[in-house]
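Right, one structure below, let's go through it.
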Amino acid sequence: MNIMLGQVVYSKAGRDEGRIFIVSGIIDDKYVFVSDGDLRRYENPKKKKIKHLNITAAIIESISQKLNSGIKITNAEIRKALAEVKAAEAVKE
């Protein structure tokens, strides 16, 4: 399974189970860094095993482009983007 920077994921294990995150860094084929802009800020991301994540097809393009080009992103950008994803999912249900 390919995972990309800026991809939306949900934690399925650990004390943060059920929380929504974006992938803010890729370590190797087993680990990634995730951030939510709130408890796990961009400056201090959570190292998480990929097998402990529910990976969605959603990729936040603006954040993905910034991460790929090395431009700094803000925690407010992450929070806003994740709130929009949550709102879109709430409408679907």
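Chain labels run A, B, ... following the order of the structure tokens; each chain numbers its residues from 1, and ligands are numbered from 1 in the order shown.
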
Residue neighbourhood Ser35 (chain A), 12 Å, only C-alpha atoms, exclusion window fewer than 4 positions, as a VMD selection string
chain A and resid 5 to 11 16 19 to 26 39 to 48 63 73 to 79 81 to 82

Tell me, as an MDAnalysis selection string, which residues lie within 10 Å of Ala13 (chain A), counting only C-alpha atoms; anything in the same chain fewer than 6 positions away does not count.
chainID A and resid 19 48:49 51:54

Write to file, as a PDB file, in the first residue's frame, the residues of the selection just made, with C-alpha atoms.
```pdb
ATOM      1  CA  ARG A  19      -8.164  10.241  15.958  1.00  0.00           C
ATOM      2  CA  LYS A  48       3.336   5.464  14.107  1.00  0.00           C
ATOM      3  CA  LYS A  49       3.434   2.013  12.539  1.00  0.00           C
ATOM      4  CA  LYS A  51      -0.226  -1.278  10.347  1.00  0.00           C
ATOM      5  CA  HIS A  52      -1.788   0.734  13.198  1.00  0.00           C
ATOM      6  CA  LEU A  53      -3.398   3.197  10.776  1.00  0.00           C
ATOM      7  CA  ASN A  54      -6.593   3.126   8.734  1.00  0.00           C
TER       8      ASN A  54
END
```

Assign secondary structure with DSSP using the backbone only, and return the residues of chain A in alpha helix (DSSP H) as an MDAnalysis selection string.
chainID A and resid 61:69 75:92

Export N, CA, C and O atoms of the chosen residues as a CSV table (one decimal), in the first residue's frame?
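File written: part-v4.csv
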```
chain,number,residue,atom,x,y,z
A,61,GLU,N,-4.2,18.1,-0.9
A,61,GLU,CA,-3.3,18.5,-1.9
A,61,GLU,C,-2.4,19.7,-1.5
A,61,GLU,O,-1.2,19.7,-1.8
A,62,SER,N,-3.0,20.7,-0.9
A,62,SER,CA,-2.2,21.9,-0.6
A,62,SER,C,-1.1,21.5,0.4
A,62,SER,O,0.0,22.0,0.3
A,63,ILE,N,-1.4,20.7,1.4
A,63,ILE,CA,-0.4,20.3,2.4
A,63,ILE,C,0.6,19.3,1.8
A,63,ILE,O,1.8,19.4,2.0
A,64,SER,N,0.1,18.4,0.9
A,64,SER,CA,1.0,17.5,0.3
A,64,SER,C,2.0,18.2,-0.6
A,64,SER,O,3.2,17.9,-0.6
A,65,GLN,N,1.6,19.2,-1.3
A,65,GLN,CA,2.5,20.0,-2.2
A,65,GLN,C,3.6,20.7,-1.3
A,65,GLN,O,4.8,20.7,-1.7
A,66,LYS,N,3.1,21.3,-0.2
A,66,LYS,CA,4.1,22.0,0.6
A,66,LYS,C,5.1,21.1,1.3
A,66,LYS,O,6.3,21.4,1.3
A,67,LEU,N,4.6,19.9,1.7
A,67,LEU,CA,5.5,18.9,2.4
A,67,LEU,C,6.5,18.4,1.3
A,67,LEU,O,7.7,18.2,1.7
A,68,ASN,N,6.1,18.1,0.1
A,68,ASN,CA,6.9,17.6,-0.9
A,68,ASN,C,8.0,18.6,-1.4
A,68,ASN,O,9.1,18.2,-1.7
A,69,SER,N,7.6,19.9,-1.3
A,69,SER,CA,8.6,20.9,-1.8
A,69,SER,C,9.4,21.5,-0.6
A,69,SER,O,10.2,22.4,-0.8
A,75,ASN,N,0.3,24.6,11.9
A,75,ASN,CA,-0.6,23.7,12.6
A,75,ASN,C,-2.0,24.1,12.3
A,75,ASN,O,-2.9,23.3,12.3
A,76,ALA,N,-2.3,25.4,12.1
A,76,ALA,CA,-3.6,25.9,11.8
A,76,ALA,C,-4.1,25.4,10.5
A,76,ALA,O,-5.2,25.0,10.3
A,77,GLU,N,-3.2,25.3,9.5
A,77,GLU,CA,-3.5,24.7,8.2
A,77,GLU,C,-3.9,23.2,8.3
A,77,GLU,O,-4.9,22.8,7.7
A,78,ILE,N,-3.2,22.5,9.2
A,78,ILE,CA,-3.5,21.1,9.4
A,78,ILE,C,-4.9,21.0,10.0
A,78,ILE,O,-5.7,20.2,9.6
A,79,ARG,N,-5.1,21.7,11.1
A,79,ARG,CA,-6.4,21.6,11.8
A,79,ARG,C,-7.5,22.0,10.9
A,79,ARG,O,-8.6,21.3,10.9
A,80,LYS,N,-7.4,23.0,10.1
A,80,LYS,CA,-8.5,23.5,9.2
A,80,LYS,C,-8.7,22.4,8.1
A,80,LYS,O,-9.9,22.1,7.8
A,81,ALA,N,-7.7,21.8,7.5
A,81,ALA,CA,-7.9,20.8,6.5
A,81,ALA,C,-8.5,19.6,7.1
A,81,ALA,O,-9.4,19.0,6.5
A,82,LEU,N,-8.1,19.1,8.3
A,82,LEU,CA,-8.7,18.0,8.9
A,82,LEU,C,-10.2,18.2,9.3
A,82,LEU,O,-11.0,17.3,9.2
A,83,ALA,N,-10.5,19.4,9.7
A,83,ALA,CA,-11.9,19.8,10.1
A,83,ALA,C,-12.8,19.7,8.8
A,83,ALA,O,-13.9,19.3,8.9
A,84,GLU,N,-12.2,20.1,7.7
A,84,GLU,CA,-13.0,20.1,6.4
A,84,GLU,C,-13.2,18.6,6.0
A,84,GLU,O,-14.3,18.2,5.5
A,85,VAL,N,-12.2,17.7,6.2
A,85,VAL,CA,-12.4,16.3,5.9
A,85,VAL,C,-13.5,15.7,6.8
A,85,VAL,O,-14.3,15.0,6.4
A,86,LYS,N,-13.4,16.0,8.1
A,86,LYS,CA,-14.4,15.5,9.1
A,86,LYS,C,-15.8,16.0,8.7
A,86,LYS,O,-16.8,15.2,8.7
A,87,ALA,N,-15.9,17.3,8.3
A,87,ALA,CA,-17.2,17.8,7.9
A,87,ALA,C,-17.8,17.1,6.6
A,87,ALA,O,-19.0,16.8,6.6
A,88,ALA,N,-16.9,16.8,5.7
A,88,ALA,CA,-17.3,16.1,4.5
A,88,ALA,C,-17.8,14.7,4.8
A,88,ALA,O,-18.7,14.2,4.2
A,89,GLU,N,-17.1,14.0,5.7
A,89,GLU,CA,-17.5,12.7,6.1
A,89,GLU,C,-18.8,12.7,6.8
A,89,GLU,O,-19.6,11.8,6.7
A,90,ALA,N,-19.0,13.7,7.6
A,90,ALA,CA,-20.3,13.8,8.4
A,90,ALA,C,-21.5,14.0,7.4
A,90,ALA,O,-22.6,13.5,7.7
A,91,VAL,N,-21.3,14.7,6.4
A,91,VAL,CA,-22.3,14.9,5.4
A,91,VAL,C,-22.7,13.6,4.7
A,91,VAL,O,-23.8,13.3,4.4
A,92,LYS,N,-21.6,12.8,4.4
A,92,LYS,CA,-21.8,11.5,3.7
A,92,LYS,C,-22.7,10.5,4.6
A,92,LYS,O,-23.4,9.7,4.0
```

Secondary structure check, strand (DSSP E) residues of chain A, as a count of residues only
28
